[in-house]
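*Asks:* Got a structure for you, written out below as structure tokens; questions coming shortly.
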Amino acid sequence: MKYYNREIETMSRDGLFVLQSERLVNAVKRVYENVPYYRAKMDAIKLKPSDIKTIADLHKLPFTVKTDIRANYPFGLFGVDKKQVVRLHASSGTTGKLTVTGYTKRDLEDWSECCARALVSAGIDENDTVHVAYGYGLFTGGLGLHYGVERLGATAVPVSSGNTMRQITLLKDFGATALACTPSYAIYLAESMKEAGVDVDDLMLKTGIFGAEPWTEEMRAEIEKKLHIKAYDIYGLSEVSGPGVAMECSARRGKHVYEDLFYPEIVNPDTLEPLPYGEKGELVFTTLNKECLPLIRYRTRDICTLYLEECECGRTLVKMGRIEGRSDDMLIIRGVNIFPSQIETVLLNIGGMIGPHYQIIVDRQGSLDTLEIQVELSDYAFSDEVREIEKVKARVAHDMQSMLGVSAKITIVSPHSLPRSDGKAKRIIDKRK
Amino acid sequence: MLVNQLAVFLENRKGRLKELAGVLAKEKIDLLTLSIADTEDFGIVRFITTDNDRALSALRNAGFTVTESDLIGIEIGDVPGALSNVLKVLADGDIGIEYLYSYARTEEQKAIILFKVKEVGKALDVLSRADVRVLDRTLE
């Protein structure tokens, strides 16, 4: 089996344009009618659904960010009635409010198909047994791949994460031919097998499908050497659906994006201007067929490149390169993921005396990470009363704590006192390194 | 009727007050009053000069954050109990004081009290009924 859905995966670019355009027009109409949040955003810029005629009009639509999903917790962005929702997932990356995603029956069918396409793209067919060691539960990894395996007609081993010794036993006894997990777990599994004296060649494994975290070509080489398999990179994010948004093919040079369902753009993360294929920037997705949680121009914060090229596998779908970073420099403090964009959101919401400029200083005292956020006063609204400044400072501290999930020392500084340089402002000083 | 005061936000960093004074010195502007409210990580410097308009623009040009406020200035006798009397007048009038500072005019045996209130009209009313001398913009 070469393709799971030959028609879509090898469609002409013109055919794809027509399909994407039809779906976008419908998607925009649906969100405008069913999601008050999107309607308000479009009304604010006087954009009507009828202004969107083809995929080329996409750039007219406003962006959506992760905090929009959180601000509408739990179901505010859903585009269907509760009775049509058949499954909920939630991502646990940061603390505080979870990022909730929901699926209708059709959404799950689309998602399962994406995972089935991804498996076939890695050379898997109905004769294979796939050991799914992604976590099962609110996380989309486990169940996403699981239903893809079943959809394809292969055999799923829903082992989930943890209990490595049992995993090794099952890999051997059930004769799994493919392994799906995070690349770091694959390395750990290989090392554990070596320690347990299990010979990799006693296993039937030939393929690995790894994702849910960024990895490198060096890691690929290490995994392939240790497990004697071919390793493929899968990409997805729960907001957009889950694993199976994009997947490598036999060429293993970039991941084909399933752009009949998830339309990708690359934008300049500073100016938000769309960039042509081949240029590096922030990856943005618009879901074209999703009913429950439709997303319009969702900023993933992942930095990568999209490129169109004739692929040896015959797929015509655009490819995305490896994730080369985050547009918002994620920090991990006391085990919690923190994004500068969250800090920005808090400051913009407070406004008034508080300006939008800040600097994050991370340090370590003993074994504890410390976080200081220096916030500039606004140029014009400064009060000469200590109490007023202390009050706004307390509010910043409180709002940061609830947004970030960790406490931060807030320092108020003069306007224009924080270092700026054109383009990339030095926003993070990490003294732990 | 009200006294114009400038206030500058200063981070607690060595040399910042000197920089501020330096700007005024260069413009040959004289400080009439100066008071500093300090906290753990910042201070607010409040002052009145011989030419607040020029001081304001000079400081802004030098990158300082400056804000203007209207204070009530009163002159009282430099004798025990004088401040207490005035504060009683304000308290009886149910007027809260945001902040206050003072300086003495020694030759005249007078003390100048400067303070900020939220309800300016009401405060002026209460003070004039109690025959307290309220100063004008030039502190006279």
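Just remember, in the structure tokens the first chain shown is A, the second B, etc., residues are 1-based per chain, and ligands are 1-based in the order shown.
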Using only C-alpha atoms and a cut-off of 9 Å, which residues of chain B sit close to chain A? Please list them as a ChimeraX atom specification.

*Replies:* /B:6-11,37-39,41-46,63-69,98-99

*Asks:* Please produce a file of the residues just selected, as a JSON list (two decimals), in the first residue's frame, where the atoms kept are C-alpha atoms.

*Replies:*
[["chain", "number", "residue", "atom", "x", "y", "z"],
["B", 6, "LEU", "CA", 6.37, 67.42, 39.43],
["B", 7, "ALA", "CA", 7.01, 63.79, 40.25],
["B", 8, "VAL", "CA", 9.55, 61.45, 38.69],
["B", 9, "PHE", "CA", 9.66, 57.69, 38.93],
["B", 10, "LEU", "CA", 13.13, 56.43, 39.75],
["B", 11, "GLU", "CA", 14.31, 52.87, 40.00],
["B", 37, "ALA", "CA", 8.98, 58.40, 48.74],
["B", 38, "ASP", "CA", 10.95, 55.19, 48.60],
["B", 39, "THR", "CA", 10.01, 51.52, 48.44],
["B", 41, "ASP", "CA", 12.62, 48.69, 44.36],
["B", 42, "PHE", "CA", 11.62, 52.16, 43.28],
["B", 43, "GLY", "CA", 11.24, 55.71, 44.51],
["B", 44, "ILE", "CA", 9.06, 58.63, 43.59],
["B", 45, "VAL", "CA", 10.78, 61.99, 43.70],
["B", 46, "ARG", "CA", 8.37, 64.87, 44.16],
["B", 63, "GLY", "CA", 14.11, 60.34, 29.23],
["B", 64, "PHE", "CA", 12.60, 60.68, 32.69],
["B", 65, "THR", "CA", 9.00, 59.74, 33.38],
["B", 66, "VAL", "CA", 7.43, 62.86, 34.81],
["B", 67, "THR", "CA", 3.93, 63.49, 35.96],
["B", 68, "GLU", "CA", 2.30, 66.68, 37.21],
["B", 69, "SER", "CA", 0.07, 66.91, 40.25],
["B", 98, "GLU", "CA", -2.67, 60.87, 50.06],
["B", 99, "TYR", "CA", 0.73, 62.22, 51.06]]

*Asks:* Using only C-alpha atoms, which protein or nucleic acid residues come within 7 Å of Phe285 in chain A? Drop anything in the same chain fewer than 6 positions from it, and give the result as number ranges by chain.

*Replies:* A: 262-265, 297-299

*Asks:* Store the residues picked out above in a file with N, CA, C and O atoms, as a CSV table (one decimal), in the first residue's frame.

*Replies:*
chain,number,residue,atom,x,y,z
A,262,PHE,N,-5.8,20.7,7.1
A,262,PHE,CA,-5.1,21.7,7.9
A,262,PHE,C,-4.3,22.6,7.0
A,262,PHE,O,-3.2,22.2,6.5
A,263,TYR,N,-4.7,23.8,6.8
A,263,TYR,CA,-4.0,24.7,5.8
A,263,TYR,C,-2.9,25.4,6.5
A,263,TYR,O,-3.1,26.1,7.5
A,264,PRO,N,-1.6,25.1,6.1
A,264,PRO,CA,-0.5,25.8,6.8
A,264,PRO,C,0.0,27.1,6.1
A,264,PRO,O,-0.1,27.2,4.9
A,265,GLU,N,0.4,28.0,6.9
A,265,GLU,CA,1.0,29.2,6.4
A,265,GLU,C,2.3,29.4,7.3
A,265,GLU,O,2.4,29.0,8.4
A,297,ARG,N,-6.4,30.5,11.5
A,297,ARG,CA,-5.1,31.1,11.5
A,297,ARG,C,-4.5,30.9,12.9
A,297,ARG,O,-4.1,31.9,13.6
A,298,TYR,N,-4.4,29.7,13.4
A,298,TYR,CA,-3.9,29.4,14.7
A,298,TYR,C,-2.4,29.5,14.7
A,298,TYR,O,-1.7,28.7,14.0
A,299,ARG,N,-1.8,30.3,15.6
A,299,ARG,CA,-0.4,30.5,15.7
A,299,ARG,C,0.2,29.3,16.5
A,299,ARG,O,0.0,29.3,17.7

*Asks:* Return as a list in words the full set of residues in range 85-138 of chain B whose backbone-based DSSP assignment is strand (DSSP E or B).

*Replies:*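 Answer for range 85-138 of chain B, restricted to strand (DSSP E or B): Ile97, Glu98, Tyr99, Leu100, Tyr101, Ser102, Tyr103, Ala104, Arg105, Lys110, Ala111, Ile112, Ile113, Leu114, Phe115, Lys116, Val117, Arg133 and Val134 of chain B.
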
*Asks:* If you run DSSP on this backbone, which residues of range 101-239 of chain A come out as alpha helix (DSSP H), and could you give them as a PyMOL selection string?

*Replies:* chain A and resi 105-121+140-152+164-174+183-195+217-227

*Asks:* Using only C-alpha atoms, determine which residues lie at most 8 Å from range 112-126 of chain A, disregarding the query and same-chain residues fewer than 5 positions distant; provide the list as a list in words.

*Replies:* Met1, Lys2, Tyr3, Tyr4, Asn5, Gly144, Leu145, Tyr147, Gly148, Val149, Arg151, Leu152, Gly153, Ala154, Thr155, Ala178, Thr207, Ile209, Tyr232, Ile234, Pro243, Gly244, Val245, Ala246, Met247, Glu248, Cys249, Ser250 and Tyr258 of chain A

*Asks:* Mind writing the picked residues with C-alpha atoms as an mmCIF file, in the first residue's frame?

*Replies:*
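Full text of result_1.cif as output:
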data_model
loop_
_atom_site.group_PDB
_atom_site.id
_atom_site.type_symbol
_atom_site.label_atom_id
_atom_site.label_comp_id
_atom_site.auth_asym_id
_atom_site.auth_seq_id
_atom_site.Cartn_x
_atom_site.Cartn_y
_atom_site.Cartn_z
ATOM 1 C CA MET A 1 0.000 0.000 0.000
ATOM 2 C CA LYS A 2 1.525 3.283 -1.084
ATOM 3 C CA TYR A 3 -1.067 5.833 -0.009
ATOM 4 C CA TYR A 4 -4.001 5.610 2.344
ATOM 5 C CA ASN A 5 -5.909 8.226 0.355
ATOM 6 C CA GLY A 144 -4.898 9.465 18.076
ATOM 7 C CA LEU A 145 -2.428 6.866 16.833
ATOM 8 C CA TYR A 147 -7.591 4.879 16.064
ATOM 9 C CA GLY A 148 -5.332 5.422 13.073
ATOM 10 C CA VAL A 149 -3.981 1.897 13.460
ATOM 11 C CA ARG A 151 -8.686 2.527 10.782
ATOM 12 C CA LEU A 152 -5.872 1.159 8.669
ATOM 13 C CA GLY A 153 -6.701 -2.383 9.733
ATOM 14 C CA ALA A 154 -3.375 -3.044 11.387
ATOM 15 C CA THR A 155 -3.170 -4.362 14.968
ATOM 16 C CA ALA A 178 6.192 -0.722 14.537
ATOM 17 C CA THR A 207 9.559 1.001 11.870
ATOM 18 C CA ILE A 209 6.883 6.734 14.398
ATOM 19 C CA TYR A 232 9.936 8.605 10.925
ATOM 20 C CA ILE A 234 5.297 12.736 12.840
ATOM 21 C CA PRO A 243 -0.779 13.611 15.879
ATOM 22 C CA GLY A 244 -1.091 13.250 12.131
ATOM 23 C CA VAL A 245 -1.151 16.878 11.008
ATOM 24 C CA ALA A 246 1.999 16.212 9.004
ATOM 25 C CA MET A 247 4.134 13.130 8.421
ATOM 26 C CA GLU A 248 7.345 12.084 6.746
ATOM 27 C CA CYS A 249 7.277 9.766 3.751
ATOM 28 C CA SER A 250 9.829 7.299 2.397
ATOM 29 C CA TYR A 258 -2.401 17.025 5.283
#

*Asks:* Using only C-alpha atoms, which protein or nucleic acid residues come within 12 Å of Leu371 in chain A? Drop anything in the same chain fewer than 3 positions from it, and give the result as a PyMOL selection string.

*Replies:* chain A and resi 331-334+336+338+359-365+368+374+397+400-401+404-411+428-432

*Asks:* Could you please determine the separation between CA of Glu217 in chain A and CA of Met204 in chain A in Å, to one decimal place?

*Replies:*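 Calculated distance between CA of Glu217 in chain A and CA of Met204 in chain A is 23.7 Å.
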
*Asks:* Skip Glu27 in chain B itself and residues of its chain fewer than 3 positions away, then list as a count of residues only all residues within 9 Å of it, counting only C-alpha atoms.

*Replies:* 7

*Asks:* What is the distance between CA of Asp78 in chain B and CA of Ser35 in chain B, in Å to one decimal?

*Replies:*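 Distance reported for this atom pair: 19.4 Å.
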
*Asks:* Neighbouring residues of Thr140 in chain A were defined as those with any atom within 7 Å, considering only C-alpha atoms; residues of the same chain fewer than 2 positions away were excluded. Please report them as a list in words.

*Replies:* His89, Leu138, Gly142, Leu143, Gly144, Ser238 and Gly242 of chain A

*Asks:* Can you write just those residues out, all heavy atoms, as an mmCIF file, in the first residue's frame?

*Replies:*
data_model
loop_
_atom_site.group_PDB
_atom_site.id
_atom_site.type_symbol
_atom_site.label_atom_id
_atom_site.label_comp_id
_atom_site.auth_asym_id
_atom_site.auth_seq_id
_atom_site.Cartn_x
_atom_site.Cartn_y
_atom_site.Cartn_z
ATOM 1 N N HIS A 89 -10.427 16.213 24.628
ATOM 2 C CA HIS A 89 -9.032 16.021 25.043
ATOM 3 C C HIS A 89 -8.581 17.325 25.665
ATOM 4 O O HIS A 89 -9.240 18.367 25.505
ATOM 5 C CB HIS A 89 -8.131 15.703 23.836
ATOM 6 C CG HIS A 89 -8.134 14.256 23.438
ATOM 7 N ND1 HIS A 89 -7.488 13.294 24.160
ATOM 8 C CD2 HIS A 89 -8.717 13.620 22.389
ATOM 9 C CE1 HIS A 89 -7.657 12.112 23.574
ATOM 10 N NE2 HIS A 89 -8.409 12.282 22.487
ATOM 11 N N LEU A 138 -6.082 12.096 28.364
ATOM 12 C CA LEU A 138 -6.417 13.434 27.857
ATOM 13 C C LEU A 138 -5.461 13.860 26.755
ATOM 14 O O LEU A 138 -5.810 14.622 25.865
ATOM 15 C CB LEU A 138 -6.375 14.452 28.994
ATOM 16 C CG LEU A 138 -7.558 14.416 29.956
ATOM 17 C CD1 LEU A 138 -7.339 15.400 31.095
ATOM 18 C CD2 LEU A 138 -8.856 14.751 29.221
ATOM 19 N N GLY A 142 -1.754 9.016 22.347
ATOM 20 C CA GLY A 142 -2.106 7.600 22.409
ATOM 21 C C GLY A 142 -3.346 7.267 21.609
ATOM 22 O O GLY A 142 -3.312 6.465 20.658
ATOM 23 N N LEU A 143 -4.453 7.899 21.964
ATOM 24 C CA LEU A 143 -5.715 7.579 21.289
ATOM 25 C C LEU A 143 -5.677 7.951 19.806
ATOM 26 O O LEU A 143 -6.279 7.271 18.977
ATOM 27 C CB LEU A 143 -6.889 8.263 21.995
ATOM 28 C CG LEU A 143 -7.249 7.634 23.351
ATOM 29 C CD1 LEU A 143 -8.221 8.517 24.117
ATOM 30 C CD2 LEU A 143 -7.850 6.244 23.142
ATOM 31 N N GLY A 144 -4.981 9.039 19.478
ATOM 32 C CA GLY A 144 -4.898 9.465 18.076
ATOM 33 C C GLY A 144 -4.300 8.372 17.216
ATOM 34 O O GLY A 144 -4.907 7.915 16.239
ATOM 35 N N SER A 238 -2.429 19.184 19.667
ATOM 36 C CA SER A 238 -3.784 18.832 20.079
ATOM 37 C C SER A 238 -4.793 19.899 19.682
ATOM 38 O O SER A 238 -5.927 19.579 19.344
ATOM 39 C CB SER A 238 -3.827 18.583 21.580
ATOM 40 O OG SER A 238 -3.470 19.745 22.273
ATOM 41 N N GLY A 242 -4.351 16.666 16.756
ATOM 42 C CA GLY A 242 -3.512 15.719 17.486
ATOM 43 C C GLY A 242 -2.431 15.250 16.544
ATOM 44 O O GLY A 242 -2.169 15.902 15.528
#

*Asks:* For Asp51 in chain B, which of B:Leu71, B:Asp131, B:Arg137, B:Glu119 is the closest residue, counting only C-alpha atoms?

*Replies:*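 Closest to Asp51 in chain B, using only C-alpha atoms: B:Arg137.
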
*Asks:* Which residue is closest to Asn85 in chain B? Choose from B:Leu34, B:Glu107, B:Ala130, B:Ala123 and count only C-alpha atoms.

*Replies:*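 So, comparing all the options, the nearest one is B:Ala130.
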
*Asks:* Can you write out as a Markdown table which residues of range 5-39 of chain A fall within 9 Å of range 63-83 of chain A, alongside each residue's closest atom pair and its distance in Å to one decimal, counting only C-alpha atoms and ordering rows by chain and ascending residue number?

*Replies:*
| residue | atom | partner | partner_atom | distance |
| --- | --- | --- | --- | --- |
| A:Arg30 | CA | A:Gly79 | CA | 7.3 |
| A:Val31 | CA | A:Gly79 | CA | 6.3 |
| A:Glu33 | CA | A:Gly79 | CA | 8.5 |
| A:Asn34 | CA | A:Gly79 | CA | 5.2 |
| A:Val35 | CA | A:Gly79 | CA | 5.5 |
| A:Pro36 | CA | A:Leu77 | CA | 8.0 |
| A:Tyr37 | CA | A:Leu77 | CA | 6.9 |
| A:Tyr38 | CA | A:Leu77 | CA | 8.1 |

*Asks:* Save the residues we just selected, N, CA and C atoms, as a PDB file, in the first residue's frame?

*Replies:*
ATOM      1  N   ARG A  30     -19.166  28.908   8.924  1.00  0.00           N
ATOM      2  CA  ARG A  30     -19.560  28.175  10.142  1.00  0.00           C
ATOM      3  C   ARG A  30     -19.095  28.891  11.407  1.00  0.00           C
ATOM      4  N   VAL A  31     -17.826  29.305  11.438  1.00  0.00           N
ATOM      5  CA  VAL A  31     -17.356  29.930  12.681  1.00  0.00           C
ATOM      6  C   VAL A  31     -18.065  31.263  12.906  1.00  0.00           C
ATOM      7  N   GLU A  33     -21.098  32.011  12.078  1.00  0.00           N
ATOM      8  CA  GLU A  33     -22.461  31.769  12.549  1.00  0.00           C
ATOM      9  C   GLU A  33     -22.511  31.134  13.925  1.00  0.00           C
ATOM     10  N   ASN A  34     -21.522  30.300  14.232  1.00  0.00           N
ATOM     11  CA  ASN A  34     -21.652  29.471  15.438  1.00  0.00           C
ATOM     12  C   ASN A  34     -20.749  29.832  16.608  1.00  0.00           C
ATOM     13  N   VAL A  35     -19.701  30.611  16.358  1.00  0.00           N
ATOM     14  CA  VAL A  35     -18.766  30.916  17.448  1.00  0.00           C
ATOM     15  C   VAL A  35     -18.728  32.440  17.654  1.00  0.00           C
ATOM     16  N   PRO A  36     -19.397  32.914  18.710  1.00  0.00           N
ATOM     17  CA  PRO A  36     -19.479  34.363  18.934  1.00  0.00           C
ATOM     18  C   PRO A  36     -18.106  35.038  18.982  1.00  0.00           C
ATOM     19  N   TYR A  37     -17.124  34.297  19.491  1.00  0.00           N
ATOM     20  CA  TYR A  37     -15.779  34.854  19.607  1.00  0.00           C
ATOM     21  C   TYR A  37     -15.215  35.233  18.231  1.00  0.00           C
ATOM     22  N   TYR A  38     -15.349  34.312  17.265  1.00  0.00           N
ATOM     23  CA  TYR A  38     -14.840  34.586  15.914  1.00  0.00           C
ATOM     24  C   TYR A  38     -15.670  35.681  15.242  1.00  0.00           C
TER      25      TYR A  38
END

*Asks:* What is the CA of Gly81 in chain B-CA of Ile48 in chain B distance in Å, reported with one decimal?

*Replies:*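 Taking CA of Gly81 in chain B and CA of Ile48 in chain B, their separation equals 26.1 Å.
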